[in-house]
Amino acid sequence: MSAAVPPLTLEAIRSVPKVLLHDHLDGGLRPATVVELAAATGYDALPTTDADELGRWFREAADSGSLESYLETFAHTCGVMQTEEALVRVAAECAEDLAADGVVYAEVRYAPELFAERGLSLDAVVEAVQAGFAEGERRAAQQGKNIRMGTLLCAMRQHARAQEIAEVAVRYRDAGVVGFDIAGPEAGFPPTRNLDAFEYLRTNNAHFTIHAGEAFGLASIWEAIQHCGAERLGHGVRIVDDIKTGPDGSVELGRLAAYVRDRRIPLEICPSSNVQTGAAASISDHPIGLLKRLRFRVTVNTDNRLMSGCTVSSEFAALAEAFGYGWADLQWFTINAMKSAFIDFDQRLDLIDNVIKPGYAHLV
Ligand SMILES: O=c1[nH]cnc2c1ncn2[C@@H]1O[C@H](CO)[C@@H](O)[C@H]1O
Ligand SMILES: [Zn+2]
């Protein structure tokens with residue numbers, strides 16, 4: 001590294017290519033857009049119609065210490081996402097905002113059933129979001145920022161529609177839906193409730209990740225991988241419960257932790273979200289420090305940019321400050337994420353060789 005390498009300021013981090021695998025569409029709206037869509041669609045339950053206050057409200061309400069109360073805030077974002085116009089707008093702004101942050105490839109997820117409360121069909125929801133992502137990609141490109149958007153469709157753990165949503169995901173696989181996920185409250189809803197959907201996806205050679213090991217521990221990670229066949233883990237941070245660290249610095253991996261590391265199962269880590277839901281005490285206490293040191297396939301993600309007031313760049317900046325990471329570490333996270341994406345191998349390789357590595361070449 002030469003002496004001329006710039007410090008890791010937020011602005012400098014925003015300028016390098018980044019990859020995002022875990023970001024919820026309904027957790028990333030601009031506060032002003034929530035206010036405007038509420039007015040346009042007749043949603044009258046917002047806690048305030050002042051955009052700045054609303055932004056603060058989301059961050060504070062989500063700062064709840066539990067996943068269940070964190071998830072309550074989504075009633076308001078989903079409440080304003082019940083028309084095709086609203087979905088196109090939110091998806092377009094999502095792609096634009098990510099591109100402005102320097103994200104070059106993103107997989108953004110949502111549960112179509114949550115946007116069908118006023119009568120939209122699941123297909124209409126998916127088509128509106130795809131149209132919005134395409135529009136956002138176009139607008140970003142016009143501003144010299146190239147981003148490729150991939151979509152993950154979520155089924156909600158507490159509903160019983162996983163098979164139906166998995167079928168939608170497979171049906172739209174050539175239209176930009178690259179995978180499937182299970183989201184929602186972990187307690188009381190083990191992923192094994194949805195075995196039929198996972199079997200259907202595997203039979204169709206489709207990709208899926210599962211939210212596991214966030215509010216719940218090892219049992220849910222084990223089920224997600226060994227019963228359901230998840231390729232990646234949404235969060236997965238509780239895998240540290242299977243790692244013993246001695247006072248002398250020695251480290252011993254249990255069998256599940258060793259399996260996850262040996263099989264290079266990607267962990268979609270979302271540091272700020274974990275602090276808000278109580279899965280980690282603080283960024284500097286976050287298990288990502290240990291997991292990275294042990295060379296798990298760690299990726300860095302936002303989860304919900306609105307509720308956490310974060311971006312990929314701000315997560316990187318917070319980690320750099322807490323753990324002393326440099327540009328080579330940020331490149332490592334980024335290449336890990338690109339390797340773990342659900343798009344074709346040749347396309348991942350192309351982004352690594354022609355976008356990511358050149359973007360860090362002058363820094364590492
Ligand atoms: O960290 C999380 N854990 C579990 N579920 C989540 C998390 N963040 C958001 N959602 C849930 O996923 C739905 C689809 O996007 C959101 O509506 C929210 O209920
Ligand atoms: Zn999530």
# chains A, B, ... in the order shown; residues from 1 in each chain; ligands from 1

$ closest_atom_pairs --of "chain A" --to "ligand 2" --cutoff "7 Å" --atoms "only C-alpha atoms and all ligand atoms" --output "CSV"
residue,atom,partner,partner_atom_place_in_ligand_line,distance
A:His22,CA,ligand 2,1 (Zn),6.3
A:Asp23,CA,ligand 2,1 (Zn),6.5
A:His24,CA,ligand 2,1 (Zn),6.3
A:Ala183,CA,ligand 2,1 (Zn),6.6
A:His211,CA,ligand 2,1 (Zn),6.5
A:Gly234,CA,ligand 2,1 (Zn),6.4
A:Asp303,CA,ligand 2,1 (Zn),4.8

$ residues_around --residues "region 167-169 of chain A" --least-positions-apart "6" --cutoff "12 Å" --atoms "only C-alpha atoms" --output "MDAnalysis selection string"
chainID A and resid 109:113 121:127 150:155 161 175:181 196:208

$ write_last_selection --atoms "N, CA and C atoms" --output "mmCIF file, in the first residue's frame"
data_model
loop_
_atom_site.group_PDB
_atom_site.id
_atom_site.type_symbol
_atom_site.label_atom_id
_atom_site.label_comp_id
_atom_site.auth_asym_id
_atom_site.auth_seq_id
_atom_site.Cartn_x
_atom_site.Cartn_y
_atom_site.Cartn_z
ATOM 1 N N ARG A 109 -34.865 -7.620 -1.588
ATOM 2 C CA ARG A 109 -35.923 -8.605 -1.317
ATOM 3 C C ARG A 109 -37.188 -7.959 -0.779
ATOM 4 N N TYR A 110 -38.292 -8.639 -0.961
ATOM 5 C CA TYR A 110 -39.573 -8.194 -0.395
ATOM 6 C C TYR A 110 -40.536 -9.364 -0.456
ATOM 7 N N ALA A 111 -41.610 -9.252 0.311
ATOM 8 C CA ALA A 111 -42.639 -10.293 0.327
ATOM 9 C C ALA A 111 -43.830 -9.796 -0.490
ATOM 10 N N PRO A 112 -44.064 -10.347 -1.680
ATOM 11 C CA PRO A 112 -45.155 -9.840 -2.541
ATOM 12 C C PRO A 112 -46.508 -9.852 -1.841
ATOM 13 N N GLU A 113 -46.738 -10.829 -0.959
ATOM 14 C CA GLU A 113 -48.055 -10.922 -0.304
ATOM 15 C C GLU A 113 -48.356 -9.685 0.544
ATOM 16 N N SER A 121 -52.575 -8.464 -7.642
ATOM 17 C CA SER A 121 -52.182 -9.882 -7.683
ATOM 18 C C SER A 121 -50.677 -9.969 -7.403
ATOM 19 N N LEU A 122 -50.231 -11.150 -7.017
ATOM 20 C CA LEU A 122 -48.795 -11.327 -6.758
ATOM 21 C C LEU A 122 -48.000 -11.024 -8.024
ATOM 22 N N ASP A 123 -48.510 -11.453 -9.171
ATOM 23 C CA ASP A 123 -47.805 -11.198 -10.432
ATOM 24 C C ASP A 123 -47.721 -9.699 -10.721
ATOM 25 N N ALA A 124 -48.803 -8.981 -10.441
ATOM 26 C CA ALA A 124 -48.799 -7.528 -10.690
ATOM 27 C C ALA A 124 -47.762 -6.855 -9.798
ATOM 28 N N VAL A 125 -47.654 -7.326 -8.557
ATOM 29 C CA VAL A 125 -46.657 -6.775 -7.635
ATOM 30 C C VAL A 125 -45.255 -6.985 -8.203
ATOM 31 N N VAL A 126 -44.960 -8.216 -8.596
ATOM 32 C CA VAL A 126 -43.614 -8.533 -9.083
ATOM 33 C C VAL A 126 -43.304 -7.723 -10.342
ATOM 34 N N GLU A 127 -44.270 -7.616 -11.229
ATOM 35 C CA GLU A 127 -44.015 -6.886 -12.483
ATOM 36 C C GLU A 127 -43.802 -5.393 -12.227
ATOM 37 N N GLY A 150 -30.895 -7.368 -8.702
ATOM 38 C CA GLY A 150 -31.500 -8.701 -8.688
ATOM 39 C C GLY A 150 -32.586 -8.690 -7.623
ATOM 40 N N THR A 151 -33.572 -9.554 -7.778
ATOM 41 C CA THR A 151 -34.694 -9.573 -6.836
ATOM 42 C C THR A 151 -34.754 -10.913 -6.106
ATOM 43 N N LEU A 152 -35.011 -10.851 -4.800
ATOM 44 C CA LEU A 152 -35.328 -12.064 -4.033
ATOM 45 C C LEU A 152 -36.769 -11.919 -3.546
ATOM 46 N N LEU A 153 -37.563 -12.942 -3.720
ATOM 47 C CA LEU A 153 -38.926 -12.914 -3.176
ATOM 48 C C LEU A 153 -38.938 -13.620 -1.829
ATOM 49 N N CYS A 154 -39.526 -12.947 -0.832
ATOM 50 C CA CYS A 154 -39.630 -13.526 0.522
ATOM 51 C C CYS A 154 -41.013 -14.113 0.711
ATOM 52 N N ALA A 155 -41.066 -15.206 1.444
ATOM 53 C CA ALA A 155 -42.316 -15.636 2.058
ATOM 54 C C ALA A 155 -42.210 -15.279 3.538
ATOM 55 N N ARG A 161 -47.749 -19.302 3.015
ATOM 56 C CA ARG A 161 -47.831 -19.156 1.551
ATOM 57 C C ARG A 161 -46.498 -19.417 0.866
ATOM 58 N N ALA A 175 -36.915 -13.024 -15.490
ATOM 59 C CA ALA A 175 -37.274 -11.598 -15.535
ATOM 60 C C ALA A 175 -36.579 -10.825 -14.418
ATOM 61 N N GLY A 176 -35.569 -11.431 -13.786
ATOM 62 C CA GLY A 176 -34.794 -10.697 -12.788
ATOM 63 C C GLY A 176 -34.964 -11.182 -11.349
ATOM 64 N N VAL A 177 -35.876 -12.146 -11.120
ATOM 65 C CA VAL A 177 -35.994 -12.708 -9.769
ATOM 66 C C VAL A 177 -34.945 -13.817 -9.647
ATOM 67 N N VAL A 178 -33.945 -13.570 -8.795
ATOM 68 C CA VAL A 178 -32.804 -14.485 -8.760
ATOM 69 C C VAL A 178 -32.858 -15.461 -7.588
ATOM 70 N N GLY A 179 -33.837 -15.292 -6.693
ATOM 71 C CA GLY A 179 -33.873 -16.216 -5.576
ATOM 72 C C GLY A 179 -35.053 -15.968 -4.641
ATOM 73 N N PHE A 180 -35.012 -16.688 -3.523
ATOM 74 C CA PHE A 180 -36.133 -16.768 -2.581
ATOM 75 C C PHE A 180 -35.562 -16.684 -1.169
ATOM 76 N N ASP A 181 -36.437 -16.287 -0.230
ATOM 77 C CA ASP A 181 -36.013 -16.112 1.169
ATOM 78 C C ASP A 181 -37.223 -16.325 2.075
ATOM 79 N N ASP A 196 -41.889 -28.011 1.966
ATOM 80 C CA ASP A 196 -42.397 -28.255 0.607
ATOM 81 C C ASP A 196 -41.872 -27.204 -0.367
ATOM 82 N N ALA A 197 -41.838 -25.958 0.085
ATOM 83 C CA ALA A 197 -41.359 -24.878 -0.787
ATOM 84 C C ALA A 197 -39.873 -25.054 -1.104
ATOM 85 N N PHE A 198 -39.101 -25.423 -0.091
ATOM 86 C CA PHE A 198 -37.662 -25.582 -0.330
ATOM 87 C C PHE A 198 -37.393 -26.757 -1.267
ATOM 88 N N GLU A 199 -38.166 -27.800 -1.110
ATOM 89 C CA GLU A 199 -37.976 -28.951 -1.985
ATOM 90 C C GLU A 199 -38.335 -28.577 -3.433
ATOM 91 N N TYR A 200 -39.407 -27.813 -3.562
ATOM 92 C CA TYR A 200 -39.815 -27.344 -4.893
ATOM 93 C C TYR A 200 -38.691 -26.509 -5.531
ATOM 94 N N LEU A 201 -38.098 -25.620 -4.740
ATOM 95 C CA LEU A 201 -37.028 -24.759 -5.272
ATOM 96 C C LEU A 201 -35.810 -25.592 -5.678
ATOM 97 N N ARG A 202 -35.434 -26.533 -4.822
ATOM 98 C CA ARG A 202 -34.267 -27.361 -5.161
ATOM 99 C C ARG A 202 -34.529 -28.185 -6.414
ATOM 100 N N THR A 203 -35.762 -28.733 -6.507
ATOM 101 C CA THR A 203 -36.124 -29.518 -7.683
ATOM 102 C C THR A 203 -35.990 -28.685 -8.944
ATOM 103 N N ASN A 204 -36.249 -27.383 -8.812
ATOM 104 C CA ASN A 204 -36.178 -26.485 -9.969
ATOM 105 C C ASN A 204 -34.829 -25.763 -10.084
ATOM 106 N N ASN A 205 -33.836 -26.256 -9.356
ATOM 107 C CA ASN A 205 -32.492 -25.648 -9.405
ATOM 108 C C ASN A 205 -32.543 -24.147 -9.130
ATOM 109 N N ALA A 206 -33.414 -23.739 -8.211
ATOM 110 C CA ALA A 206 -33.539 -22.315 -7.874
ATOM 111 C C ALA A 206 -32.780 -22.030 -6.577
ATOM 112 N N HIS A 207 -32.367 -20.792 -6.426
ATOM 113 C CA HIS A 207 -31.534 -20.410 -5.276
ATOM 114 C C HIS A 207 -32.374 -19.876 -4.125
ATOM 115 N N PHE A 208 -31.934 -20.147 -2.898
ATOM 116 C CA PHE A 208 -32.593 -19.497 -1.765
ATOM 117 C C PHE A 208 -31.681 -19.317 -0.572
#

$ closest_residue --among "A:Thr245, A:Asn274, A:Gln163, A:Thr48" --to "ligand 1" --atoms "only C-alpha atoms and all ligand atoms"
A:Asn274

$ select_by_dssp --residues "region 54-295 of chain A" --states "helix (DSSP H, G or I)" --output "PyMOL selection string"
chain A and resi 54-62+67-72+74-79+84-100+112-115+122-142+162-171+173-175+191-203+218-228+237-242+255-262+271-277+288-293

$ write_last_selection --atoms "C-alpha atoms" --output "compact mmCIF listing (two decimals), in the first residue's frame"
# COMPACT_ATOMS: atom_id res chain seq x y z
CA LEU A 54 -40.78 10.37 10.22
CA GLY A 55 -37.22 9.32 9.39
CA ARG A 56 -36.29 9.78 13.06
CA TRP A 57 -39.43 7.93 14.14
CA PHE A 58 -38.52 4.86 12.05
CA ARG A 59 -34.98 4.73 13.42
CA GLU A 60 -36.08 5.17 17.01
CA ALA A 61 -39.03 2.76 16.83
CA ALA A 62 -36.79 0.13 15.25
CA LEU A 67 -37.05 -8.44 16.36
CA GLU A 68 -40.82 -8.48 16.91
CA SER A 69 -41.12 -4.78 17.77
CA TYR A 70 -38.56 -3.88 15.09
CA LEU A 71 -40.84 -5.55 12.53
CA GLU A 72 -43.90 -3.54 13.64
CA PHE A 74 -43.05 -2.19 8.47
CA ALA A 75 -46.82 -1.75 8.75
CA HIS A 76 -46.30 1.86 7.61
CA THR A 77 -44.02 1.17 4.67
CA CYS A 78 -46.17 -1.71 3.45
CA GLY A 79 -49.22 0.47 4.07
CA GLU A 84 -48.50 -0.39 -8.93
CA GLU A 85 -47.45 3.28 -9.16
CA ALA A 86 -46.18 3.24 -5.58
CA LEU A 87 -44.22 0.03 -6.17
CA VAL A 88 -42.62 1.32 -9.37
CA ARG A 89 -41.58 4.52 -7.59
CA VAL A 90 -40.19 2.82 -4.49
CA ALA A 91 -38.24 0.27 -6.57
CA ALA A 92 -36.83 2.94 -8.90
CA GLU A 93 -35.71 5.10 -5.97
CA CYS A 94 -34.19 2.05 -4.30
CA ALA A 95 -31.98 1.35 -7.32
CA GLU A 96 -31.05 5.04 -7.61
CA ASP A 97 -30.17 5.36 -3.92
CA LEU A 98 -28.05 2.21 -3.95
CA ALA A 99 -26.26 3.31 -7.12
CA ALA A 100 -25.59 6.73 -5.58
CA PRO A 112 -45.15 -9.84 -2.54
CA GLU A 113 -48.06 -10.92 -0.30
CA LEU A 114 -47.53 -7.79 1.86
CA PHE A 115 -48.28 -5.53 -1.12
CA LEU A 122 -48.79 -11.33 -6.76
CA ASP A 123 -47.81 -11.20 -10.43
CA ALA A 124 -48.80 -7.53 -10.69
CA VAL A 125 -46.66 -6.77 -7.63
CA VAL A 126 -43.61 -8.53 -9.08
CA GLU A 127 -44.02 -6.89 -12.48
CA ALA A 128 -44.35 -3.40 -10.96
CA VAL A 129 -41.23 -3.86 -8.84
CA GLN A 130 -39.25 -5.20 -11.82
CA ALA A 131 -40.34 -2.21 -13.90
CA GLY A 132 -39.23 0.10 -11.09
CA PHE A 133 -35.83 -1.53 -10.77
CA ALA A 134 -35.30 -1.25 -14.54
CA GLU A 135 -36.27 2.42 -14.41
CA GLY A 136 -33.90 3.03 -11.48
CA GLU A 137 -31.05 1.26 -13.30
CA ARG A 138 -31.70 3.51 -16.30
CA ARG A 139 -31.74 6.72 -14.26
CA ALA A 140 -28.58 5.71 -12.39
CA ALA A 141 -26.78 4.92 -15.65
CA GLN A 142 -27.71 8.38 -16.94
CA ALA A 162 -44.23 -20.22 1.00
CA GLN A 163 -45.02 -22.75 -1.74
CA GLU A 164 -47.08 -20.21 -3.67
CA ILE A 165 -44.34 -17.55 -3.41
CA ALA A 166 -41.67 -20.07 -4.40
CA GLU A 167 -43.68 -20.79 -7.55
CA VAL A 168 -43.84 -17.07 -8.35
CA ALA A 169 -40.06 -16.82 -7.86
CA VAL A 170 -39.43 -19.65 -10.31
CA ARG A 171 -41.93 -18.26 -12.79
CA ARG A 173 -36.57 -16.28 -12.78
CA ASP A 174 -35.82 -15.03 -16.31
CA ALA A 175 -37.27 -11.60 -15.54
CA PRO A 191 -38.01 -22.78 8.63
CA THR A 192 -38.96 -26.46 8.54
CA ARG A 193 -42.61 -25.32 8.34
CA ASN A 194 -41.85 -24.59 4.70
CA LEU A 195 -40.12 -27.78 3.61
CA ASP A 196 -42.40 -28.25 0.61
CA ALA A 197 -41.36 -24.88 -0.79
CA PHE A 198 -37.66 -25.58 -0.33
CA GLU A 199 -37.98 -28.95 -1.99
CA TYR A 200 -39.82 -27.34 -4.89
CA LEU A 201 -37.03 -24.76 -5.27
CA ARG A 202 -34.27 -27.36 -5.16
CA THR A 203 -36.12 -29.52 -7.68
CA LEU A 218 -27.88 -22.49 16.43
CA ALA A 219 -30.96 -24.68 16.06
CA SER A 220 -32.42 -22.36 13.47
CA ILE A 221 -29.14 -22.15 11.53
CA TRP A 222 -28.85 -25.94 11.59
CA GLU A 223 -32.41 -26.39 10.34
CA ALA A 224 -31.97 -23.79 7.61
CA ILE A 225 -28.87 -25.49 6.23
CA GLN A 226 -29.35 -29.17 6.94
CA HIS A 227 -33.14 -29.55 6.67
CA CYS A 228 -34.06 -26.82 4.24
CA VAL A 237 -24.53 -14.21 13.36
CA ARG A 238 -25.47 -16.63 16.12
CA ILE A 239 -23.09 -19.12 14.54
CA VAL A 240 -20.67 -17.62 17.07
CA ASP A 241 -22.54 -19.60 19.74
CA ASP A 242 -20.76 -22.64 18.27
CA ARG A 255 -19.24 -29.03 14.18
CA LEU A 256 -21.91 -26.70 12.81
CA ALA A 257 -19.61 -23.66 12.76
CA ALA A 258 -16.93 -25.76 11.06
CA TYR A 259 -19.47 -26.96 8.50
CA VAL A 260 -20.59 -23.41 7.71
CA ARG A 261 -17.00 -22.25 7.29
CA ASP A 262 -15.80 -25.34 5.41
CA PRO A 271 -24.39 -4.98 11.76
CA SER A 272 -26.63 -1.99 12.54
CA SER A 273 -29.82 -4.01 12.27
CA ASN A 274 -28.39 -6.55 14.73
CA VAL A 275 -27.64 -3.80 17.25
CA GLN A 276 -31.23 -2.51 16.92
CA THR A 277 -32.86 -5.90 17.41
CA ILE A 288 -18.37 -9.96 12.58
CA GLY A 289 -14.92 -9.14 13.98
CA LEU A 290 -14.34 -12.75 15.05
CA LEU A 291 -16.08 -14.27 12.02
CA LYS A 292 -13.94 -12.28 9.62
CA ARG A 293 -10.76 -13.12 11.51

$ select_by_dssp --residues "region 16-146 of chain A" --states "strand (DSSP E or B)" --output "PyMOL selection string"
chain A and resi 18-24+103-110

$ atom_distance --atom1 "CA of His286 (chain A)" --atom2 "CA of Arg264 (chain A)"
20.2 Å

$ closest_residue --among "A:Lys145, A:Gly119, A:Asn336, A:Ser66" --to "Glu186 (chain A)" --atoms "only C-alpha atoms"
A:Ser66

$ atom_distance --atom1 "CA of Ala318 (chain A)" --atom2 "CA of Leu10 (chain A)"
9.2 Å

$ closest_residue --among "A:Ser250, A:Gln347, A:Thr299, A:Asn354" --to "Phe333 (chain A)" --atoms "only C-alpha atoms"
A:Thr299

$ atom_distance --atom1 "atom 12 (O, counted along the ligand's line) of ligand 1" --atom2 "CA of Met156 (chain A)"
7.0 Å

$ closest_residue --among "A:Leu363, A:Ala281, A:Val103, A:Ala215" --to "ligand 1" --atoms "only C-alpha atoms and all ligand atoms"
A:Ala215

$ closest_residue --among "A:Asp63, A:Glu117, A:Asp248, A:Asp101" --to "Pro17 (chain A)" --atoms "only C-alpha atoms"
A:Asp101

$ closest_residue --among "A:Gly278, A:Gly309, A:Pro358, A:Gly326" --to "Ser64 (chain A)" --atoms "only C-alpha atoms"
A:Gly278

$ decode --residues "region 74-104 of chain A" --atoms "N, CA and C atoms" --output "short mmCIF file (atom, residue, chain, number, x, y, z; two decimals), in the first residue's frame"
data_model
loop_
_atom_site.label_atom_id
_atom_site.label_comp_id
_atom_site.auth_asym_id
_atom_site.auth_seq_id
_atom_site.Cartn_x
_atom_site.Cartn_y
_atom_site.Cartn_z
N PHE A 74 -42.81 -1.92 9.89
CA PHE A 74 -43.05 -2.19 8.47
C PHE A 74 -44.52 -2.03 8.09
N ALA A 75 -45.41 -1.96 9.07
CA ALA A 75 -46.82 -1.75 8.75
C ALA A 75 -46.97 -0.46 7.95
N HIS A 76 -46.16 0.56 8.28
CA HIS A 76 -46.30 1.86 7.61
C HIS A 76 -45.71 1.87 6.21
N THR A 77 -44.58 1.19 6.03
CA THR A 77 -44.02 1.17 4.67
C THR A 77 -44.91 0.30 3.77
N CYS A 78 -45.29 -0.86 4.26
CA CYS A 78 -46.17 -1.71 3.45
C CYS A 78 -47.51 -1.02 3.22
N GLY A 79 -47.94 -0.24 4.19
CA GLY A 79 -49.22 0.47 4.07
C GLY A 79 -49.28 1.39 2.87
N VAL A 80 -48.13 1.96 2.48
CA VAL A 80 -48.12 2.89 1.34
C VAL A 80 -47.65 2.22 0.05
N MET A 81 -47.45 0.92 0.08
CA MET A 81 -46.93 0.21 -1.12
C MET A 81 -47.99 -0.74 -1.68
N GLN A 82 -49.21 -0.24 -1.84
CA GLN A 82 -50.31 -1.11 -2.25
C GLN A 82 -50.82 -0.82 -3.67
N THR A 83 -50.11 0.05 -4.40
CA THR A 83 -50.52 0.31 -5.79
C THR A 83 -49.32 0.08 -6.71
N GLU A 84 -49.60 -0.17 -7.99
CA GLU A 84 -48.50 -0.39 -8.93
C GLU A 84 -47.61 0.85 -9.02
N GLU A 85 -48.23 2.04 -9.05
CA GLU A 85 -47.45 3.28 -9.16
C GLU A 85 -46.49 3.42 -7.97
N ALA A 86 -47.02 3.13 -6.78
CA ALA A 86 -46.18 3.24 -5.58
C ALA A 86 -45.01 2.25 -5.65
N LEU A 87 -45.28 1.04 -6.11
CA LEU A 87 -44.22 0.03 -6.17
C LEU A 87 -43.16 0.40 -7.19
N VAL A 88 -43.59 0.91 -8.35
CA VAL A 88 -42.62 1.32 -9.37
C VAL A 88 -41.73 2.43 -8.80
N ARG A 89 -42.35 3.39 -8.13
CA ARG A 89 -41.58 4.52 -7.59
C ARG A 89 -40.58 4.05 -6.53
N VAL A 90 -41.07 3.25 -5.58
CA VAL A 90 -40.19 2.82 -4.49
C VAL A 90 -39.03 2.00 -5.05
N ALA A 91 -39.31 1.12 -6.01
CA ALA A 91 -38.24 0.27 -6.57
C ALA A 91 -37.25 1.11 -7.36
N ALA A 92 -37.74 2.09 -8.12
CA ALA A 92 -36.83 2.94 -8.90
C ALA A 92 -35.93 3.74 -7.97
N GLU A 93 -36.52 4.30 -6.90
CA GLU A 93 -35.71 5.10 -5.97
C GLU A 93 -34.71 4.23 -5.23
N CYS A 94 -35.11 2.99 -4.96
CA CYS A 94 -34.19 2.05 -4.30
C CYS A 94 -32.94 1.87 -5.15
N ALA A 95 -33.13 1.56 -6.43
CA ALA A 95 -31.98 1.35 -7.32
C ALA A 95 -31.14 2.62 -7.41
N GLU A 96 -31.79 3.77 -7.53
CA GLU A 96 -31.05 5.04 -7.61
C GLU A 96 -30.24 5.30 -6.35
N ASP A 97 -30.87 5.08 -5.19
CA ASP A 97 -30.17 5.36 -3.92
C ASP A 97 -28.98 4.42 -3.73
N LEU A 98 -29.17 3.15 -4.09
CA LEU A 98 -28.05 2.21 -3.95
C LEU A 98 -26.92 2.59 -4.90
N ALA A 99 -27.28 2.93 -6.14
CA ALA A 99 -26.26 3.31 -7.12
C ALA A 99 -25.51 4.55 -6.64
N ALA A 100 -26.24 5.51 -6.07
CA ALA A 100 -25.59 6.73 -5.58
C ALA A 100 -24.61 6.41 -4.45
N ASP A 101 -24.86 5.32 -3.74
CA ASP A 101 -23.96 4.91 -2.66
C ASP A 101 -22.77 4.10 -3.21
N GLY A 102 -22.76 3.86 -4.50
CA GLY A 102 -21.64 3.10 -5.09
C GLY A 102 -21.87 1.60 -5.14
N VAL A 103 -23.10 1.17 -4.95
CA VAL A 103 -23.39 -0.27 -5.05
C VAL A 103 -23.48 -0.62 -6.54
N VAL A 104 -22.76 -1.65 -6.96
CA VAL A 104 -22.75 -2.02 -8.39
C VAL A 104 -23.63 -3.24 -8.67
#
